[in-house]
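work_33.csv follows (CSV, C-alpha atoms and all ligand atoms):
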chain,number,residue,atom,x,y,z
A,18,MET,CA,1.2,-2.7,-13.6
A,19,ILE,CA,1.4,-2.8,-9.8
A,20,TYR,CA,-1.5,-2.4,-7.5
A,21,THR,CA,-0.9,-2.1,-3.8
A,22,ARG,CA,-2.6,-1.9,-0.5
A,23,VAL,CA,-1.8,-2.0,3.2
A,24,VAL,CA,-3.4,-4.8,5.3
A,25,PRO,CA,-4.4,-2.7,8.4
A,26,ALA,CA,-4.4,-5.7,10.8
A,27,GLN,CA,-0.8,-6.4,9.9
A,28,CYS,CA,0.5,-2.8,10.2
A,29,ILE,CA,2.2,-2.0,13.5
A,30,ALA,CA,2.4,1.7,12.7
A,31,CYS,CA,6.2,1.6,12.5
A,32,GLY,CA,6.3,4.6,10.2
A,33,LEU,CA,8.9,3.1,7.8
A,34,CYS,CA,6.7,3.1,4.6
A,35,GLN,CA,6.1,6.8,4.8
A,36,LEU,CA,9.7,7.5,5.4
A,37,LYS,CA,10.6,5.5,2.3
A,38,ALA,CA,7.7,6.5,0.1
A,39,PRO,CA,6.2,9.8,1.4
A,40,GLU,CA,4.1,10.3,-1.8
A,41,LEU,CA,2.6,6.9,-1.5
A,42,PHE,CA,1.8,6.2,2.1
A,43,ALA,CA,0.0,8.2,4.8
A,44,TYR,CA,-1.3,7.2,8.3
A,45,ASP,CA,-4.8,7.3,9.8
A,46,GLU,CA,-5.4,8.8,13.2
A,47,GLU,CA,-4.2,5.6,14.9
A,48,GLY,CA,-0.9,5.6,12.8
A,49,ILE,CA,-2.0,2.7,10.6
A,50,ALA,CA,-0.7,3.1,7.1
A,51,TYR,CA,-2.8,3.3,3.9
A,52,VAL,CA,-2.0,3.9,0.2
A,53,LYS,CA,-2.8,7.5,-0.7
A,54,ILE,CA,-3.3,7.2,-4.4
A,55,ASP,CA,-6.6,5.3,-4.1
A,56,ASN,CA,-7.4,5.4,-0.4
A,57,ASN,CA,-6.0,1.9,0.0
A,58,GLN,CA,-8.4,0.3,-2.5
A,59,GLY,CA,-5.7,-1.2,-4.7
A,60,THR,CA,-7.5,-0.1,-7.8
A,61,THR,CA,-5.2,2.6,-9.2
A,62,PRO,CA,-2.0,1.5,-10.9
A,63,LEU,CA,1.1,2.7,-9.2
A,64,PRO,CA,2.5,5.6,-11.2
A,65,LEU,CA,5.9,4.9,-12.7
A,66,PRO,CA,7.7,7.7,-10.9
A,67,LEU,CA,6.7,6.2,-7.5
A,68,GLN,CA,7.8,2.6,-8.2
A,69,ALA,CA,11.3,3.0,-6.8
A,70,GLN,CA,9.9,4.5,-3.5
A,71,PHE,CA,7.3,1.7,-3.5
A,72,LYS,CA,9.9,-1.0,-3.8
A,73,ALA,CA,11.9,0.5,-0.9
A,74,ALA,CA,8.8,0.5,1.3
A,75,TYR,CA,7.5,-2.9,0.2
A,76,THR,CA,10.8,-4.6,0.9
A,77,ASN,CA,11.4,-2.9,4.2
A,78,CYS,CA,8.0,-3.2,5.9
A,79,PRO,CA,8.8,-5.3,9.0
A,80,THR,CA,5.5,-7.2,9.0
A,81,GLY,CA,4.7,-7.7,5.3
A,82,ALA,CA,1.6,-5.5,5.7
A,83,ILE,CA,2.2,-4.0,2.3
A,84,ILE,CA,0.7,-6.3,-0.4
A,85,ARG,CA,0.8,-6.0,-4.1
A,86,GLN,CA,-0.5,-7.7,-7.2
A,87,ASN,CA,-0.5,-7.2,-11.0
A,88,GLN,CA,-4.1,-6.5,-11.4
A,89,PRO,CA,-6.6,-4.3,-9.6
A,90,TYR,CA,-8.0,-5.7,-6.3
A,91,THR,CA,-11.5,-7.0,-6.8
A,92,GLU,CA,-14.4,-6.0,-4.7
A,93,ALA,CA,-14.2,-9.4,-2.9
A,94,GLN,CA,-10.5,-8.9,-2.1
A,95,ARG,CA,-11.2,-5.4,-0.8
A,96,GLN,CA,-13.8,-6.7,1.6
A,97,GLN,CA,-11.3,-9.2,3.1
A,98,LEU,CA,-9.2,-6.5,4.7
B,1,LIG,FE1,2.8,-0.3,8.8
B,1,LIG,FE2,4.6,-1.6,7.4
B,1,LIG,FE3,4.2,0.9,7.0
B,1,LIG,S1,4.2,-1.9,9.5
B,1,LIG,S2,3.6,1.7,9.0
B,1,LIG,S3,2.8,-0.7,6.6
B,1,LIG,S4,6.2,-0.1,6.9
With the file now loaded, output its structure as structure tokens.
Amino acid sequence: MIYTRVVPAQCIACGLCQLKAPELFAYDEEGIAYVKIDNNQGTTPLPLPLQAQFKAAYTNCPTGAIIRQNQPYTEAQRQQL
């Protein structure tokens, strides 16, 4: 399973992730990206049909703001962002 989030402080609002994965990423009013499926909490596993889009966004984000891990992000991890 893949769980993903955007680190807001590292996002430069370049717009690439939504271009690559429109079903997965959206932007707040300042253009900072977040993960749509769980409001950037990293607690909902990435649906299989979105994994190819995710990979394209993850590998192309110019700042590495998109992070991922194989288990849900814990409360402590969520508070770090
Ligand atoms: Fe931000 Fe990276 Fe997307 S810089 S807008 S998270 S591609």
For Pro64 (chain A): contacts at 10 Å, all atoms listed in the file, fewer than 3 positions along chain excluded, given as a list in words: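 Those residues are Met18, Ile19, Tyr20, Leu41, Ile54, Thr61, Leu67, Gln68 and Phe71 of chain A.
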Which residue of A:Gln94, A:Pro89, A:Ala73, A:Gln27 approaches Gly59 (chain A) most closely, using all atoms listed in the file: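 Distance minimum relative to Gly59 (chain A) lands on A:Pro89.
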Exercise: Glu40 (chain A) partners within 12 Å, only C-alpha atoms, chain neighbours under 4 positions left out, as a PyMOL selection string: chain A and resi 34-36+44+51-54+63-64+66-71+74
Residues within 6 Å of ligand LIG 1 (chain B) should be enumerated using all atoms listed in the file and returned as a PDB file with C-alpha atoms, keeping the file's coordinate frame.
ATOM      1  CA  VAL A  23      -1.800  -2.000   3.200  1.00  0.00           C
ATOM      2  CA  CYS A  28       0.500  -2.800  10.200  1.00  0.00           C
ATOM      3  CA  ILE A  29       2.200  -2.000  13.500  1.00  0.00           C
ATOM      4  CA  ALA A  30       2.400   1.700  12.700  1.00  0.00           C
ATOM      5  CA  CYS A  31       6.200   1.600  12.500  1.00  0.00           C
ATOM      6  CA  GLY A  32       6.300   4.600  10.200  1.00  0.00           C
ATOM      7  CA  LEU A  33       8.900   3.100   7.800  1.00  0.00           C
ATOM      8  CA  CYS A  34       6.700   3.100   4.600  1.00  0.00           C
ATOM      9  CA  ILE A  49      -2.000   2.700  10.600  1.00  0.00           C
ATOM     10  CA  ALA A  50      -0.700   3.100   7.100  1.00  0.00           C
ATOM     11  CA  CYS A  78       8.000  -3.200   5.900  1.00  0.00           C
ATOM     12  CA  PRO A  79       8.800  -5.300   9.000  1.00  0.00           C
ATOM     13  CA  THR A  80       5.500  -7.200   9.000  1.00  0.00           C
ATOM     14  CA  ALA A  82       1.600  -5.500   5.700  1.00  0.00           C
ATOM     15  CA  ILE A  83       2.200  -4.000   2.300  1.00  0.00           C
TER      16      ILE A  83
END
Å distance separating CA of Gln86 (chain A) from CA of Pro62 (chain A), one decimal place: 10.0 Å
Using all atoms listed in the file: which of A:Leu65, A:Thr60, A:Thr76, A:Lys37 has the shortest distance to Tyr90 (chain A):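 Going through A:Leu65, A:Thr60, A:Thr76, A:Lys37 one by one, the smallest distance to Tyr90 (chain A) is for A:Thr60.
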d(CA of Ala93 (chain A), CA of Pro39 (chain A)) in Å: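 About the pair CA of Ala93 (chain A) and CA of Pro39 (chain A): they are 28.3 Å apart.
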Which residue of A:Ala38, A:Val24, A:Ala43, A:Ile84 approaches Gln96 (chain A) most closely, using all atoms listed in the file: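 With all atoms listed in the file as the atom set, the closest residue is A:Val24.
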Two-atom distance - CA of Pro25 (chain A), CA of Asp55 (chain A) (Å):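 CA of Asp55 (chain A) lies at a distance of 15.0 Å from CA of Pro25 (chain A).
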Best match for closeness to Arg95 (chain A) among A:Lys72, A:Glu47, A:Thr21, A:Gly81, counting only C-alpha atoms: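 Selected residue with least distance to Arg95 (chain A): A:Thr21.
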